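Note: the block below is structure.cif and it holds mmCIF, N, CA and C atoms.
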```cif
data_input
#
loop_
_atom_site.label_atom_id
_atom_site.label_comp_id
_atom_site.auth_asym_id
_atom_site.auth_seq_id
_atom_site.Cartn_x
_atom_site.Cartn_y
_atom_site.Cartn_z
N MET A 1 -15.73 -12.94 -25.11
CA MET A 1 -15.92 -11.78 -24.25
C MET A 1 -14.92 -10.69 -24.63
N ASN A 2 -15.44 -9.52 -24.84
CA ASN A 2 -14.59 -8.38 -25.16
C ASN A 2 -14.29 -7.61 -23.89
N TYR A 3 -13.07 -7.12 -23.80
CA TYR A 3 -12.68 -6.35 -22.64
C TYR A 3 -11.56 -5.39 -22.99
N LYS A 4 -11.40 -4.41 -22.13
CA LYS A 4 -10.31 -3.45 -22.23
C LYS A 4 -9.37 -3.70 -21.07
N VAL A 5 -8.08 -3.75 -21.33
CA VAL A 5 -7.09 -3.92 -20.27
C VAL A 5 -6.67 -2.54 -19.77
N ILE A 6 -6.76 -2.35 -18.47
CA ILE A 6 -6.35 -1.09 -17.85
C ILE A 6 -5.13 -1.38 -16.97
N GLN A 7 -4.01 -0.79 -17.31
CA GLN A 7 -2.78 -0.94 -16.53
C GLN A 7 -2.80 0.06 -15.38
N THR A 8 -2.32 -0.37 -14.23
CA THR A 8 -2.28 0.54 -13.08
C THR A 8 -1.09 0.22 -12.19
N THR A 9 -0.56 1.23 -11.54
CA THR A 9 0.55 1.05 -10.60
C THR A 9 0.24 1.67 -9.25
N VAL A 10 -0.99 2.10 -9.05
CA VAL A 10 -1.38 2.81 -7.84
C VAL A 10 -1.34 1.90 -6.61
N PHE A 11 -1.77 0.68 -6.78
CA PHE A 11 -1.87 -0.28 -5.68
C PHE A 11 -1.07 -1.52 -6.09
N PRO A 12 0.01 -1.86 -5.38
CA PRO A 12 0.89 -2.94 -5.81
C PRO A 12 0.22 -4.30 -6.02
N ALA A 13 -0.88 -4.56 -5.35
CA ALA A 13 -1.55 -5.85 -5.50
C ALA A 13 -2.31 -5.98 -6.82
N VAL A 14 -2.55 -4.85 -7.48
CA VAL A 14 -3.29 -4.87 -8.75
C VAL A 14 -2.46 -4.13 -9.80
N THR A 15 -2.09 -4.84 -10.85
CA THR A 15 -1.30 -4.23 -11.91
C THR A 15 -2.07 -4.11 -13.22
N LYS A 16 -3.14 -4.90 -13.33
CA LYS A 16 -3.91 -4.95 -14.57
C LYS A 16 -5.36 -5.27 -14.24
N VAL A 17 -6.26 -4.56 -14.88
CA VAL A 17 -7.69 -4.80 -14.68
C VAL A 17 -8.32 -5.02 -16.05
N HIS A 18 -9.13 -6.07 -16.17
CA HIS A 18 -9.91 -6.30 -17.39
C HIS A 18 -11.29 -5.69 -17.17
N PHE A 19 -11.65 -4.75 -18.02
CA PHE A 19 -12.97 -4.12 -17.95
C PHE A 19 -13.81 -4.73 -19.06
N TYR A 20 -14.69 -5.67 -18.71
CA TYR A 20 -15.51 -6.41 -19.66
C TYR A 20 -16.72 -5.60 -20.11
N GLU A 21 -17.05 -5.72 -21.40
CA GLU A 21 -18.23 -5.03 -21.93
C GLU A 21 -19.50 -5.45 -21.20
N GLU A 22 -19.56 -6.69 -20.75
CA GLU A 22 -20.75 -7.19 -20.05
C GLU A 22 -20.95 -6.51 -18.69
N THR A 23 -19.95 -5.76 -18.26
CA THR A 23 -20.06 -5.02 -17.00
C THR A 23 -21.05 -3.87 -17.12
N ILE A 24 -21.13 -3.26 -18.29
CA ILE A 24 -21.99 -2.08 -18.48
C ILE A 24 -23.46 -2.39 -18.17
N PRO A 25 -24.04 -3.48 -18.69
CA PRO A 25 -25.44 -3.77 -18.32
C PRO A 25 -25.60 -4.02 -16.81
N HIS A 26 -24.59 -4.62 -16.19
CA HIS A 26 -24.65 -4.84 -14.74
C HIS A 26 -24.68 -3.51 -13.99
N ILE A 27 -23.81 -2.60 -14.39
CA ILE A 27 -23.79 -1.27 -13.75
C ILE A 27 -25.13 -0.59 -13.95
N ASN A 28 -25.67 -0.66 -15.14
CA ASN A 28 -26.95 -0.02 -15.45
C ASN A 28 -28.07 -0.57 -14.57
N GLN A 29 -28.06 -1.87 -14.36
CA GLN A 29 -29.11 -2.52 -13.57
C GLN A 29 -28.95 -2.26 -12.07
N GLU A 30 -27.73 -2.38 -11.58
CA GLU A 30 -27.48 -2.29 -10.15
C GLU A 30 -27.20 -0.87 -9.64
N HIS A 31 -26.79 0.01 -10.54
CA HIS A 31 -26.42 1.38 -10.14
C HIS A 31 -27.01 2.38 -11.13
N PRO A 32 -28.32 2.59 -11.08
CA PRO A 32 -28.95 3.51 -12.05
C PRO A 32 -28.47 4.95 -11.94
N GLU A 33 -27.82 5.29 -10.84
CA GLU A 33 -27.30 6.65 -10.69
C GLU A 33 -26.09 6.91 -11.60
N VAL A 34 -25.50 5.84 -12.13
CA VAL A 34 -24.37 5.97 -13.05
C VAL A 34 -24.93 5.93 -14.47
N LYS A 35 -24.67 6.95 -15.23
CA LYS A 35 -25.21 7.05 -16.59
C LYS A 35 -24.30 6.31 -17.57
N VAL A 36 -24.54 5.01 -17.73
CA VAL A 36 -23.68 4.16 -18.55
C VAL A 36 -23.81 4.44 -20.04
N GLU A 37 -24.88 5.11 -20.45
CA GLU A 37 -25.05 5.40 -21.87
C GLU A 37 -24.10 6.49 -22.36
N LEU A 38 -23.48 7.20 -21.44
CA LEU A 38 -22.52 8.23 -21.82
C LEU A 38 -21.20 7.58 -22.24
N PRO A 39 -20.62 8.00 -23.35
CA PRO A 39 -19.36 7.40 -23.79
C PRO A 39 -18.23 7.60 -22.77
N SER A 40 -18.37 8.59 -21.92
CA SER A 40 -17.32 8.89 -20.95
C SER A 40 -17.24 7.87 -19.80
N ILE A 41 -18.18 6.92 -19.73
CA ILE A 41 -18.15 5.95 -18.63
C ILE A 41 -16.86 5.15 -18.65
N TYR A 42 -16.38 4.79 -19.84
CA TYR A 42 -15.14 4.02 -19.94
C TYR A 42 -13.95 4.84 -19.44
N GLN A 43 -13.90 6.11 -19.83
CA GLN A 43 -12.81 6.98 -19.37
C GLN A 43 -12.88 7.21 -17.87
N ALA A 44 -14.09 7.35 -17.34
CA ALA A 44 -14.26 7.58 -15.91
C ALA A 44 -13.79 6.36 -15.10
N VAL A 45 -14.14 5.16 -15.55
CA VAL A 45 -13.71 3.95 -14.85
C VAL A 45 -12.20 3.81 -14.95
N GLU A 46 -11.66 4.03 -16.13
CA GLU A 46 -10.21 3.94 -16.31
C GLU A 46 -9.48 4.94 -15.42
N GLN A 47 -9.99 6.15 -15.34
CA GLN A 47 -9.39 7.19 -14.48
C GLN A 47 -9.43 6.78 -13.02
N ALA A 48 -10.54 6.20 -12.58
CA ALA A 48 -10.66 5.78 -11.18
C ALA A 48 -9.66 4.68 -10.85
N ILE A 49 -9.36 3.82 -11.80
CA ILE A 49 -8.41 2.74 -11.56
C ILE A 49 -6.97 3.23 -11.64
N LYS A 50 -6.69 4.11 -12.60
CA LYS A 50 -5.32 4.59 -12.80
C LYS A 50 -4.92 5.67 -11.79
N ASP A 51 -5.86 6.53 -11.42
CA ASP A 51 -5.53 7.68 -10.58
C ASP A 51 -6.65 7.98 -9.60
N PRO A 52 -6.92 7.05 -8.66
CA PRO A 52 -8.02 7.28 -7.71
C PRO A 52 -7.68 8.38 -6.71
N THR A 53 -8.71 9.01 -6.19
CA THR A 53 -8.51 9.97 -5.11
C THR A 53 -7.99 9.23 -3.88
N HIS A 54 -8.61 8.06 -3.63
CA HIS A 54 -8.13 7.20 -2.55
C HIS A 54 -8.68 5.79 -2.77
N ILE A 55 -8.13 4.84 -2.02
CA ILE A 55 -8.55 3.44 -2.08
C ILE A 55 -8.97 3.01 -0.69
N GLU A 56 -10.13 2.37 -0.60
CA GLU A 56 -10.65 1.89 0.69
C GLU A 56 -10.73 0.36 0.66
N GLN A 57 -10.43 -0.28 1.79
CA GLN A 57 -10.65 -1.71 1.86
C GLN A 57 -12.14 -1.95 2.08
N SER A 58 -12.70 -2.88 1.31
CA SER A 58 -14.11 -3.15 1.38
C SER A 58 -14.37 -4.43 2.16
N TYR A 59 -13.80 -5.51 1.71
CA TYR A 59 -13.88 -6.80 2.39
C TYR A 59 -12.45 -7.30 2.52
N SER A 60 -12.27 -8.51 3.00
CA SER A 60 -10.91 -9.00 3.20
C SER A 60 -10.15 -9.13 1.88
N ASN A 61 -10.84 -9.32 0.78
CA ASN A 61 -10.14 -9.48 -0.49
C ASN A 61 -10.64 -8.53 -1.58
N SER A 62 -11.19 -7.40 -1.19
CA SER A 62 -11.61 -6.42 -2.20
C SER A 62 -11.38 -5.00 -1.70
N TYR A 63 -11.20 -4.12 -2.66
CA TYR A 63 -10.95 -2.72 -2.38
C TYR A 63 -11.87 -1.87 -3.25
N VAL A 64 -12.09 -0.65 -2.83
CA VAL A 64 -12.90 0.29 -3.61
C VAL A 64 -11.99 1.43 -4.03
N TYR A 65 -11.88 1.61 -5.35
CA TYR A 65 -11.15 2.73 -5.90
C TYR A 65 -12.14 3.88 -6.01
N VAL A 66 -11.81 5.00 -5.41
CA VAL A 66 -12.71 6.16 -5.39
C VAL A 66 -12.07 7.30 -6.16
N ASP A 67 -12.83 7.86 -7.07
CA ASP A 67 -12.37 9.02 -7.82
C ASP A 67 -13.34 10.16 -7.58
N ALA A 68 -13.01 11.05 -6.68
CA ALA A 68 -13.89 12.17 -6.33
C ALA A 68 -13.99 13.19 -7.46
N LYS A 69 -13.09 13.10 -8.45
CA LYS A 69 -13.13 14.02 -9.58
C LYS A 69 -14.23 13.64 -10.58
N SER A 70 -14.65 12.36 -10.57
CA SER A 70 -15.74 11.90 -11.43
C SER A 70 -16.94 11.61 -10.54
N THR A 71 -18.09 12.09 -10.94
CA THR A 71 -19.28 11.90 -10.10
C THR A 71 -20.41 11.25 -10.90
N ASN A 72 -21.32 10.62 -10.16
CA ASN A 72 -22.50 10.05 -10.80
C ASN A 72 -23.57 11.13 -10.91
N ALA A 73 -24.75 10.75 -11.38
CA ALA A 73 -25.83 11.72 -11.57
C ALA A 73 -26.26 12.39 -10.27
N GLY A 74 -26.02 11.72 -9.13
CA GLY A 74 -26.38 12.29 -7.84
C GLY A 74 -25.29 13.16 -7.25
N GLY A 75 -24.18 13.32 -7.98
CA GLY A 75 -23.07 14.14 -7.51
C GLY A 75 -22.12 13.41 -6.57
N GLU A 76 -22.30 12.10 -6.41
CA GLU A 76 -21.42 11.32 -5.54
C GLU A 76 -20.20 10.86 -6.30
N ALA A 77 -19.08 10.66 -5.61
CA ALA A 77 -17.84 10.22 -6.24
C ALA A 77 -18.00 8.85 -6.87
N LEU A 78 -17.32 8.66 -8.00
CA LEU A 78 -17.35 7.37 -8.68
C LEU A 78 -16.59 6.35 -7.84
N ASN A 79 -17.23 5.21 -7.56
CA ASN A 79 -16.63 4.14 -6.78
C ASN A 79 -16.54 2.91 -7.65
N LYS A 80 -15.43 2.23 -7.60
CA LYS A 80 -15.22 1.03 -8.39
C LYS A 80 -14.67 -0.05 -7.45
N ARG A 81 -15.49 -1.06 -7.13
CA ARG A 81 -15.03 -2.15 -6.26
C ARG A 81 -14.19 -3.10 -7.08
N GLN A 82 -13.04 -3.48 -6.52
CA GLN A 82 -12.13 -4.39 -7.19
C GLN A 82 -11.82 -5.57 -6.28
N LYS A 83 -12.26 -6.76 -6.66
CA LYS A 83 -11.95 -7.96 -5.90
C LYS A 83 -10.56 -8.44 -6.30
N LEU A 84 -9.75 -8.76 -5.32
CA LEU A 84 -8.39 -9.23 -5.59
C LEU A 84 -8.37 -10.75 -5.62
N SER A 85 -8.06 -11.28 -6.79
CA SER A 85 -7.87 -12.72 -6.87
C SER A 85 -6.44 -13.03 -7.27
N SER A 86 -5.79 -12.05 -7.86
CA SER A 86 -4.38 -12.16 -8.22
C SER A 86 -3.95 -10.78 -8.72
N PRO A 87 -2.67 -10.60 -9.04
CA PRO A 87 -2.25 -9.30 -9.60
C PRO A 87 -2.90 -9.02 -10.95
N PHE A 88 -3.46 -10.05 -11.57
CA PHE A 88 -4.16 -9.90 -12.85
C PHE A 88 -5.65 -10.02 -12.53
N VAL A 89 -6.32 -8.90 -12.44
CA VAL A 89 -7.67 -8.85 -11.89
C VAL A 89 -8.69 -8.54 -12.98
N SER A 90 -9.85 -9.16 -12.88
CA SER A 90 -10.94 -8.89 -13.80
C SER A 90 -12.08 -8.21 -13.07
N TRP A 91 -12.75 -7.31 -13.78
CA TRP A 91 -13.93 -6.66 -13.21
C TRP A 91 -15.10 -7.02 -14.11
N ARG A 92 -16.07 -7.69 -13.54
CA ARG A 92 -17.26 -8.08 -14.31
C ARG A 92 -18.48 -7.64 -13.57
#
```

Please, can you express the file's structure as C-alpha coordinates?
Amino acid sequence: MNYKVIQTTVFPAVTKVHFYEETIPHINQEHPEVKVELPSIYQAVEQAIKDPTHIEQSYSNSYVYVDAKSTNAGGEALNKRQKLSSPFVSWR
(Lines of atoms letter the chains of each structure in order from A and count residues from 1; the text may use other names and numbers.)
(Lines give C-alpha, C1' and ligand atoms only; values in the text may rest on other atoms or scores of the structure.)
Protein backbone atom coordinates (compact mmCIF):
# COMPACT_ATOMS: atom_id res chain seq x y z
CA MET A 1 0.00 0.00 0.00
CA ASN A 2 1.33 3.38 -0.99
CA TYR A 3 0.63 6.39 1.14
CA LYS A 4 1.74 9.92 1.88
CA VAL A 5 2.53 10.92 5.46
CA ILE A 6 1.06 14.28 6.46
CA GLN A 7 2.52 15.84 9.61
CA THR A 8 0.23 18.08 11.64
CA THR A 9 0.31 19.98 14.92
CA VAL A 10 -3.15 21.56 14.79
CA PHE A 11 -4.83 19.00 17.03
CA PRO A 12 -2.67 17.40 19.77
CA ALA A 13 -4.35 13.99 19.46
CA VAL A 14 -3.22 13.67 15.82
CA THR A 15 0.39 14.24 14.84
CA LYS A 16 0.61 12.19 11.65
CA VAL A 17 -1.89 11.08 9.03
CA HIS A 18 -1.32 8.42 6.37
CA PHE A 19 -3.15 9.33 3.17
CA TYR A 20 -3.46 6.05 1.24
CA GLU A 21 -3.75 5.97 -2.55
CA GLU A 22 -6.68 3.56 -2.17
CA THR A 23 -8.59 6.41 -0.55
CA ILE A 24 -9.03 8.20 -3.88
CA PRO A 25 -11.38 5.56 -5.42
CA HIS A 26 -13.38 5.57 -2.16
CA ILE A 27 -13.77 9.35 -2.30
CA ASN A 28 -14.77 9.14 -5.96
CA GLN A 29 -17.43 6.53 -5.21
CA GLU A 30 -18.84 7.98 -2.00
CA HIS A 31 -18.38 11.71 -2.67
CA PRO A 32 -18.87 12.46 -6.39
CA GLU A 33 -18.97 16.18 -5.59
CA VAL A 34 -15.21 16.00 -4.95
CA LYS A 35 -13.27 16.00 -8.21
CA VAL A 36 -10.59 13.41 -7.40
CA GLU A 37 -9.18 13.42 -10.93
CA LEU A 38 -7.71 16.86 -10.29
CA PRO A 39 -4.06 16.71 -9.18
CA SER A 40 -4.86 19.33 -6.54
CA ILE A 41 -6.90 16.82 -4.48
CA TYR A 42 -3.76 15.74 -2.62
CA GLN A 43 -2.80 19.33 -1.83
CA ALA A 44 -6.36 20.15 -0.75
CA VAL A 45 -6.49 17.19 1.67
CA GLU A 46 -3.05 18.01 3.03
CA GLN A 47 -4.06 21.65 3.53
CA ALA A 48 -7.24 20.63 5.38
CA ILE A 49 -5.20 18.46 7.76
CA LYS A 50 -2.34 20.91 8.29
CA ASP A 51 -4.32 24.16 8.44
CA PRO A 52 -8.08 23.58 8.81
CA THR A 53 -10.50 26.45 9.17
CA HIS A 54 -11.91 24.54 12.13
CA ILE A 55 -12.27 21.03 13.57
CA GLU A 56 -15.60 19.50 14.58
CA GLN A 57 -16.20 16.42 16.70
CA SER A 58 -18.10 13.87 14.64
CA TYR A 59 -18.42 10.79 16.83
CA SER A 60 -16.83 9.88 20.14
CA ASN A 61 -13.57 8.92 18.42
CA SER A 62 -13.55 10.91 15.20
CA TYR A 63 -13.24 14.51 14.12
CA VAL A 64 -13.88 16.40 10.90
CA TYR A 65 -11.19 18.75 9.64
CA VAL A 66 -12.88 21.52 7.66
CA ASP A 67 -11.08 23.77 5.23
CA ALA A 68 -13.43 26.50 4.01
CA LYS A 69 -10.68 27.78 1.69
CA SER A 70 -10.95 24.59 -0.44
CA THR A 71 -14.32 23.73 -1.90
CA ASN A 72 -15.87 20.84 -3.78
CA ALA A 73 -17.69 21.15 -7.11
CA GLY A 74 -20.83 22.27 -5.25
CA GLY A 75 -18.96 25.12 -3.55
CA GLU A 76 -19.07 23.46 -0.12
CA ALA A 77 -16.04 23.45 2.20
CA LEU A 78 -13.72 20.46 2.00
CA ASN A 79 -14.38 18.11 4.93
CA LYS A 80 -12.02 15.35 5.98
CA ARG A 81 -13.22 12.92 8.68
CA GLN A 82 -10.41 11.58 10.84
CA LYS A 83 -10.96 8.61 13.13
CA LEU A 84 -8.69 8.65 16.16
CA SER A 85 -7.14 5.32 16.98
CA SER A 86 -3.82 6.68 18.19
CA PRO A 87 -1.58 9.73 17.62
CA PHE A 88 -0.46 7.88 14.47
CA VAL A 89 -3.62 7.93 12.39
CA SER A 90 -4.44 6.44 9.00
CA TRP A 91 -7.07 7.66 6.58
CA ARG A 92 -8.43 5.04 4.20

(request) Would you list the residues near (-26.7, -3.5, -14.6), meaning any protein, DNA or RNA residue with an atom at most 12 Å from that point in file coordinates, counting only C-alpha atoms, as a ChimeraX atom specification? (result) /A:21-37,92

(message) Distance cut-off 9 Å, centre (-14.1, 10.2, -4.4) in file coordinates, counting only C-alpha atoms: which residues qualify? Return them as a PyMOL selection string.
(response) chain A and resi 48+52-54+65-71+76-79

(request) Measure the distance from CA of Ile55 (chain A) to atom C of Met1 (chain A) in Å and round it to one decimal. (result)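 Going from CA of Ile55 (chain A) over to atom C of Met1 (chain A), I get 27.4 Å.
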
(request) Mind the document's chain letters and residue numbers, and return as an NGL selection string the residues of chain A that DSSP labels strand (DSSP E). (result) :A and (3-11 or 14-20 or 54-59 or 62-71 or 77-83 or 88-91)

(message) Selection in question (the file shown): the PyMOL selection byres ((chain A and resi 4) around 6). Which residues does it include, as a PyMOL selection string?
(response) chain A and resi 2-3+5-6+17-21

Output file for the residues above (N, CA and C atoms, as a PDB file, keeping the file's coordinate frame):
```
ATOM      1  N   ASN A   2     -15.440  -9.520 -24.840  1.00  0.00           N
ATOM      2  CA  ASN A   2     -14.590  -8.380 -25.160  1.00  0.00           C
ATOM      3  C   ASN A   2     -14.290  -7.610 -23.890  1.00  0.00           C
ATOM      4  N   TYR A   3     -13.070  -7.120 -23.800  1.00  0.00           N
ATOM      5  CA  TYR A   3     -12.680  -6.350 -22.640  1.00  0.00           C
ATOM      6  C   TYR A   3     -11.560  -5.390 -22.990  1.00  0.00           C
ATOM      7  N   VAL A   5      -8.080  -3.750 -21.330  1.00  0.00           N
ATOM      8  CA  VAL A   5      -7.090  -3.920 -20.270  1.00  0.00           C
ATOM      9  C   VAL A   5      -6.670  -2.540 -19.770  1.00  0.00           C
ATOM     10  N   ILE A   6      -6.760  -2.350 -18.470  1.00  0.00           N
ATOM     11  CA  ILE A   6      -6.350  -1.090 -17.850  1.00  0.00           C
ATOM     12  C   ILE A   6      -5.130  -1.380 -16.970  1.00  0.00           C
ATOM     13  N   VAL A  17      -6.260  -4.560 -14.880  1.00  0.00           N
ATOM     14  CA  VAL A  17      -7.690  -4.800 -14.680  1.00  0.00           C
ATOM     15  C   VAL A  17      -8.320  -5.020 -16.050  1.00  0.00           C
ATOM     16  N   HIS A  18      -9.130  -6.070 -16.170  1.00  0.00           N
ATOM     17  CA  HIS A  18      -9.910  -6.300 -17.390  1.00  0.00           C
ATOM     18  C   HIS A  18     -11.290  -5.690 -17.170  1.00  0.00           C
ATOM     19  N   PHE A  19     -11.650  -4.750 -18.020  1.00  0.00           N
ATOM     20  CA  PHE A  19     -12.970  -4.120 -17.950  1.00  0.00           C
ATOM     21  C   PHE A  19     -13.810  -4.730 -19.060  1.00  0.00           C
ATOM     22  N   TYR A  20     -14.690  -5.670 -18.710  1.00  0.00           N
ATOM     23  CA  TYR A  20     -15.510  -6.410 -19.660  1.00  0.00           C
ATOM     24  C   TYR A  20     -16.720  -5.600 -20.110  1.00  0.00           C
ATOM     25  N   GLU A  21     -17.050  -5.720 -21.400  1.00  0.00           N
ATOM     26  CA  GLU A  21     -18.230  -5.030 -21.930  1.00  0.00           C
ATOM     27  C   GLU A  21     -19.500  -5.450 -21.200  1.00  0.00           C
TER      28      GLU A  21
END
```

(message) Here's the selection I'm unsure about, the PyMOL selection byres ((chain A and resi 10) around 8); applied to the file above, which residues does it give, as number ranges by chain?
(response) A: 7-9, 11-15, 49-52

Write to file, as a PDB file, in the frame of the given file, the residues of the selection just made, with N, CA and C atoms.
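See result_6.pdb below for the written result:
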```
ATOM      1  N   GLN A   7      -4.010  -0.790 -17.310  1.00  0.00           N
ATOM      2  CA  GLN A   7      -2.780  -0.940 -16.530  1.00  0.00           C
ATOM      3  C   GLN A   7      -2.800   0.060 -15.380  1.00  0.00           C
ATOM      4  N   THR A   8      -2.320  -0.370 -14.230  1.00  0.00           N
ATOM      5  CA  THR A   8      -2.280   0.540 -13.080  1.00  0.00           C
ATOM      6  C   THR A   8      -1.090   0.220 -12.190  1.00  0.00           C
ATOM      7  N   THR A   9      -0.560   1.230 -11.540  1.00  0.00           N
ATOM      8  CA  THR A   9       0.550   1.050 -10.600  1.00  0.00           C
ATOM      9  C   THR A   9       0.240   1.670  -9.250  1.00  0.00           C
ATOM     10  N   PHE A  11      -1.770   0.680  -6.780  1.00  0.00           N
ATOM     11  CA  PHE A  11      -1.870  -0.280  -5.680  1.00  0.00           C
ATOM     12  C   PHE A  11      -1.070  -1.520  -6.090  1.00  0.00           C
ATOM     13  N   PRO A  12       0.010  -1.860  -5.380  1.00  0.00           N
ATOM     14  CA  PRO A  12       0.890  -2.940  -5.810  1.00  0.00           C
ATOM     15  C   PRO A  12       0.220  -4.300  -6.020  1.00  0.00           C
ATOM     16  N   ALA A  13      -0.880  -4.560  -5.350  1.00  0.00           N
ATOM     17  CA  ALA A  13      -1.550  -5.850  -5.500  1.00  0.00           C
ATOM     18  C   ALA A  13      -2.310  -5.980  -6.820  1.00  0.00           C
ATOM     19  N   VAL A  14      -2.550  -4.850  -7.480  1.00  0.00           N
ATOM     20  CA  VAL A  14      -3.290  -4.870  -8.750  1.00  0.00           C
ATOM     21  C   VAL A  14      -2.460  -4.130  -9.800  1.00  0.00           C
ATOM     22  N   THR A  15      -2.090  -4.840 -10.850  1.00  0.00           N
ATOM     23  CA  THR A  15      -1.300  -4.230 -11.910  1.00  0.00           C
ATOM     24  C   THR A  15      -2.070  -4.110 -13.220  1.00  0.00           C
ATOM     25  N   ILE A  49      -9.360   3.820 -11.800  1.00  0.00           N
ATOM     26  CA  ILE A  49      -8.410   2.740 -11.560  1.00  0.00           C
ATOM     27  C   ILE A  49      -6.970   3.230 -11.640  1.00  0.00           C
ATOM     28  N   LYS A  50      -6.690   4.110 -12.600  1.00  0.00           N
ATOM     29  CA  LYS A  50      -5.320   4.590 -12.800  1.00  0.00           C
ATOM     30  C   LYS A  50      -4.920   5.670 -11.790  1.00  0.00           C
ATOM     31  N   ASP A  51      -5.860   6.530 -11.420  1.00  0.00           N
ATOM     32  CA  ASP A  51      -5.530   7.680 -10.580  1.00  0.00           C
ATOM     33  C   ASP A  51      -6.650   7.980  -9.600  1.00  0.00           C
ATOM     34  N   PRO A  52      -6.920   7.050  -8.660  1.00  0.00           N
ATOM     35  CA  PRO A  52      -8.020   7.280  -7.710  1.00  0.00           C
ATOM     36  C   PRO A  52      -7.680   8.380  -6.710  1.00  0.00           C
TER      37      PRO A  52
END
```

(request) Would you mind reading off the distance between CA of Glu56 (chain A) and CA of Leu38 (chain A), one decimal, in Å? (result)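 Interatomic distance, CA of Glu56 (chain A) to CA of Leu38 (chain A): 26.2 Å.
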
(request) In Å, rounded to a single decimal, give me how far atom C of Gly75 (chain A) is from atom C of Asn61 (chain A). (result) 25.3 Å

(message) Write out as a ChimeraX atom specification the set of residues from chain A that DSSP, computed on the backbone, places in helix (DSSP H, G or I).
(response) /A:23-30,40-50
